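run-v3.cif follows; it contains mmCIF, C-alpha atoms and all ligand atoms.
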data_query
loop_
_atom_site.group_PDB
_atom_site.id
_atom_site.type_symbol
_atom_site.label_atom_id
_atom_site.label_comp_id
_atom_site.auth_asym_id
_atom_site.auth_seq_id
_atom_site.Cartn_x
_atom_site.Cartn_y
_atom_site.Cartn_z
ATOM 1 C CA MET A 24 74.798 27.797 -72.220
ATOM 2 C CA THR A 25 72.568 27.009 -69.282
ATOM 3 C CA ASP A 26 74.113 25.257 -66.336
ATOM 4 C CA THR A 27 71.657 22.581 -65.304
ATOM 5 C CA LEU A 28 72.560 20.610 -62.230
ATOM 6 C CA PRO A 29 72.117 16.843 -62.374
ATOM 7 C CA PRO A 30 69.388 15.244 -60.250
ATOM 8 C CA CYS A 31 70.291 13.597 -56.953
ATOM 9 C CA PRO A 32 71.771 10.138 -57.659
ATOM 10 C CA ASP A 33 70.211 8.811 -54.457
ATOM 11 C CA CYS A 34 66.604 9.966 -54.599
ATOM 12 C CA GLY A 35 66.318 11.566 -58.038
ATOM 13 C CA SER A 36 65.318 14.966 -56.693
ATOM 14 C CA ALA A 37 65.693 17.780 -59.215
ATOM 15 C CA PHE A 38 66.106 20.408 -56.488
ATOM 16 C CA THR A 39 69.844 19.945 -56.117
ATOM 17 C CA TYR A 40 72.002 22.955 -55.418
ATOM 18 C CA GLN A 41 75.723 23.603 -55.589
ATOM 19 C CA VAL A 42 78.085 24.798 -52.857
ATOM 20 C CA ASP A 43 81.613 25.209 -54.204
ATOM 21 C CA ALA A 44 82.562 21.821 -55.729
ATOM 22 C CA LEU A 45 79.838 19.936 -53.862
ATOM 23 C CA LEU A 46 76.303 19.253 -54.956
ATOM 24 C CA ASN A 47 73.678 18.972 -52.247
ATOM 25 C CA CYS A 48 70.236 17.395 -52.181
ATOM 26 C CA PRO A 49 67.726 19.197 -49.929
ATOM 27 C CA GLU A 50 65.392 16.187 -49.862
ATOM 28 C CA CYS A 51 67.638 13.332 -48.668
ATOM 29 C CA GLY A 52 70.707 15.282 -47.578
ATOM 30 C CA HIS A 53 73.037 13.528 -50.005
ATOM 31 C CA GLU A 54 76.254 15.377 -50.924
ATOM 32 C CA TRP A 55 78.521 14.533 -53.807
ATOM 33 C CA GLN A 56 81.298 15.967 -55.966
ATOM 34 C CA VAL A 57 80.444 17.783 -59.159
ATOM 35 C CA GLY A 58 81.007 15.396 -62.070
ATOM 36 C CA GLU A 59 81.053 12.371 -59.809
ATOM 37 C CA GLU A 60 77.488 11.278 -60.368
ATOM 38 C CA THR A 61 77.297 7.687 -61.475
ATOM 39 C CA GLY A 62 76.560 6.728 -65.052
ATOM 40 C CA THR A 63 78.439 9.557 -66.701
ATOM 41 C CA ALA A 64 81.959 8.495 -65.720
ATOM 42 C CA ILE A 65 84.330 8.059 -68.637
ATOM 43 C CA ARG A 66 87.439 6.004 -67.952
ATOM 44 C CA ASP A 67 90.604 5.451 -69.941
ATOM 45 C CA SER A 68 92.078 2.112 -71.049
ATOM 46 C CA VAL A 69 93.357 1.320 -67.567
ATOM 47 C CA GLY A 70 90.364 2.599 -65.605
ATOM 48 C CA ASN A 71 91.479 6.109 -64.655
ATOM 49 C CA LEU A 72 88.604 8.552 -64.401
ATOM 50 C CA LEU A 73 88.880 11.189 -67.137
ATOM 51 C CA ALA A 74 87.822 14.805 -66.837
ATOM 52 C CA ASP A 75 87.589 17.824 -69.107
ATOM 53 C CA GLY A 76 91.016 19.404 -69.543
ATOM 54 C CA ASP A 77 92.981 16.211 -68.903
ATOM 55 C CA THR A 78 96.020 15.201 -70.953
ATOM 56 C CA VAL A 79 96.073 11.692 -72.418
ATOM 57 C CA THR A 80 98.287 9.666 -74.728
ATOM 58 C CA VAL A 81 97.032 7.451 -77.530
ATOM 59 C CA ILE A 82 97.807 3.764 -76.876
ATOM 60 C CA LYS A 83 97.504 2.487 -80.448
ATOM 61 C CA ASP A 84 97.740 3.863 -83.982
ATOM 62 C CA LEU A 85 94.379 5.321 -84.930
ATOM 63 C CA LYS A 86 93.268 6.059 -88.470
ATOM 64 C CA VAL A 87 91.648 9.432 -88.915
ATOM 65 C CA LYS A 88 88.249 8.992 -90.521
ATOM 66 C CA GLY A 89 88.043 10.466 -94.009
ATOM 67 C CA SER A 90 91.752 11.040 -94.428
ATOM 68 C CA SER A 91 95.009 9.124 -94.780
ATOM 69 C CA ALA A 92 96.370 10.589 -91.566
ATOM 70 C CA VAL A 93 97.157 8.358 -88.627
ATOM 71 C CA VAL A 94 97.331 9.353 -84.993
ATOM 72 C CA LYS A 95 100.464 7.570 -83.834
ATOM 73 C CA VAL A 96 100.657 5.575 -80.646
ATOM 74 C CA GLY A 97 102.129 7.783 -77.925
ATOM 75 C CA THR A 98 100.647 10.999 -79.318
ATOM 76 C CA LYS A 99 99.979 13.379 -76.455
ATOM 77 C CA VAL A 100 96.549 14.987 -76.507
ATOM 78 C CA ARG A 101 96.059 18.000 -74.283
ATOM 79 C CA ASN A 102 92.900 19.578 -72.964
ATOM 80 C CA ILE A 103 90.402 16.837 -73.856
ATOM 81 C CA ARG A 104 86.677 17.417 -73.613
ATOM 82 C CA LEU A 105 84.321 14.610 -72.637
ATOM 83 C CA VAL A 106 81.232 14.191 -74.781
ATOM 84 C CA ASP A 107 78.384 11.736 -75.173
ATOM 85 C CA GLY A 108 78.574 9.145 -77.880
ATOM 86 C CA ASP A 109 80.613 6.376 -79.410
ATOM 87 C CA HIS A 110 83.712 8.581 -79.509
ATOM 88 C CA ASP A 111 83.487 9.991 -76.014
ATOM 89 C CA ILE A 112 86.494 12.309 -76.137
ATOM 90 C CA ASP A 113 86.558 15.474 -78.198
ATOM 91 C CA CYS A 114 89.993 16.988 -78.770
ATOM 92 C CA LYS A 115 92.202 18.969 -81.077
ATOM 93 C CA LEU A 116 95.306 17.312 -82.489
ATOM 94 C CA PRO A 117 98.292 19.229 -83.816
ATOM 95 C CA GLY A 118 98.418 18.875 -87.610
ATOM 96 C CA ILE A 119 95.058 17.100 -87.742
ATOM 97 C CA GLY A 120 92.530 19.320 -86.046
ATOM 98 C CA GLN A 121 89.320 18.578 -84.216
ATOM 99 C CA MET A 122 88.540 14.886 -83.830
ATOM 100 C CA GLY A 123 86.821 12.354 -81.642
ATOM 101 C CA LEU A 124 88.670 9.630 -79.759
ATOM 102 C CA LYS A 125 87.442 6.589 -77.899
ATOM 103 C CA SER A 126 88.358 6.542 -74.226
ATOM 104 C CA GLN A 127 89.425 2.873 -74.439
ATOM 105 C CA PHE A 128 92.294 3.848 -76.747
ATOM 106 C CA VAL A 129 93.844 6.509 -74.515
ATOM 107 C CA LYS A 130 95.673 6.623 -71.226
ATOM 108 C CA LYS A 131 95.672 9.533 -68.833
ATOM 109 C CA VAL A 132 99.058 11.154 -68.147
ATOM 110 C CA ALA A 133 100.280 13.822 -65.777
ATOM 111 C CA ASP A 134 100.613 16.997 -67.791
HETATM 112 ZN ZN ZN B 1 68.501 13.141 -52.704
#
What does the file become when written as structure tokens?
Ligand SMILES: [Zn+2]
Amino acid sequence: MTDTLPPCPDCGSAFTYQVDALLNCPECGHEWQVGEETGTAIRDSVGNLLADGDTVTVIKDLKVKGSSAVVKVGTKVRNIRLVDGDHDIDCKLPGIGQMGLKSQFVKKVAD
């Protein structure tokens, strides 16, 4: 996997570089947190910013596509992974396996 840094959100420069958890733009001097760039933020049902590795709970019963299983409200989902798409959370559920969730149907919890 190649680690491509995102372009500068201020001036669009592709020459960004990373120092620890900060990204820097050599052209306009902008500094920002890794993963904080606008447009890619995924928020839960109450507006908390979600990140890879977060733990969330499901806020409503969700039918699992292609099976009769249901993810019950209150189900705790550990170690989520954010992805692009309609279902923007990729996770593994005990007893169900790999599945996609929509961020509007989860709530972030302290692990
Ligand atoms: Zn810049």
(request) Would you kindly return, as a ChimeraX atom specification, each protein, DNA or RNA residue with an atom no farther than 9 Å from any atom of region 45-55 of chain A, considering all atoms listed in the file and excluding same-chain residues fewer than 4 positions away? (result) /A:28-34,36-41,59-60
(message) Residues within 7 Å of Leu116 (chain A), please, as JSON, numbers by chain. Count only C-alpha atoms; anything in the same chain fewer than 4 positions from it doesn't count.
(response) {"A": [100, 120, 121]}
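Residue membership of the PyMOL selection byres (((chain A and resi 93) around 12) and not hetatm) in the shown file amounts to Val81, Lys83, Asp84, Leu85, Lys86, Val87, Lys88, Gly89, Ser90, Ser91, Ala92, Val94, Lys95, Val96, Gly97, Thr98, Leu116, Pro117, Gly118, Ile119 and Met122 of chain A.
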(request) Pull out every residue that the PyMOL selection byres (((chain A and resi 129) around 7) and not hetatm) matches in the shown coordinates and put them as a PyMOL selection string. (result) chain A and resi 67-68+79-82+126-128+130-131
(request) Work out how far apart CA of Val132 (chain A) and CA of Ile65 (chain A) are and give it in Å to one decimal. (result)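 These two atoms are separated by 15.1 Å.
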(request) Starting from the displayed file, determine the output of the PyMOL selection byres (((chain A and resi 107-112) around 6) and not hetatm) and express the residue list as a ChimeraX atom specification. (result) /A:104-106,113,123-125
(request) Tell me which of A:Val57, A:Gly35, A:Ala74, A:Thr27 sits closest to ligand ZN 1 (chain B), counting all atoms listed in the file. (result)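 Among the listed residues, the smallest separation from ligand ZN 1 (chain B) belongs to A:Gly35.
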(message) Between CA of Val42 (chain A) and CA of Gly70 (chain A), what distance in Å does the model show, to one decimal?
(response) 28.4 Å
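Taking CA of Cys114 (chain A) as the reference point, CA of Ala44 (chain A) is found at 24.7 Å.
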(request) Would you please work out which residue, of A:Ala64, A:Lys115, A:Leu72, A:Thr78, is nearest to Lys99 (chain A) when using all atoms listed in the file? (result)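 Among A:Ala64, A:Lys115, A:Leu72, A:Thr78, it is A:Thr78 that comes nearest to Lys99 (chain A).
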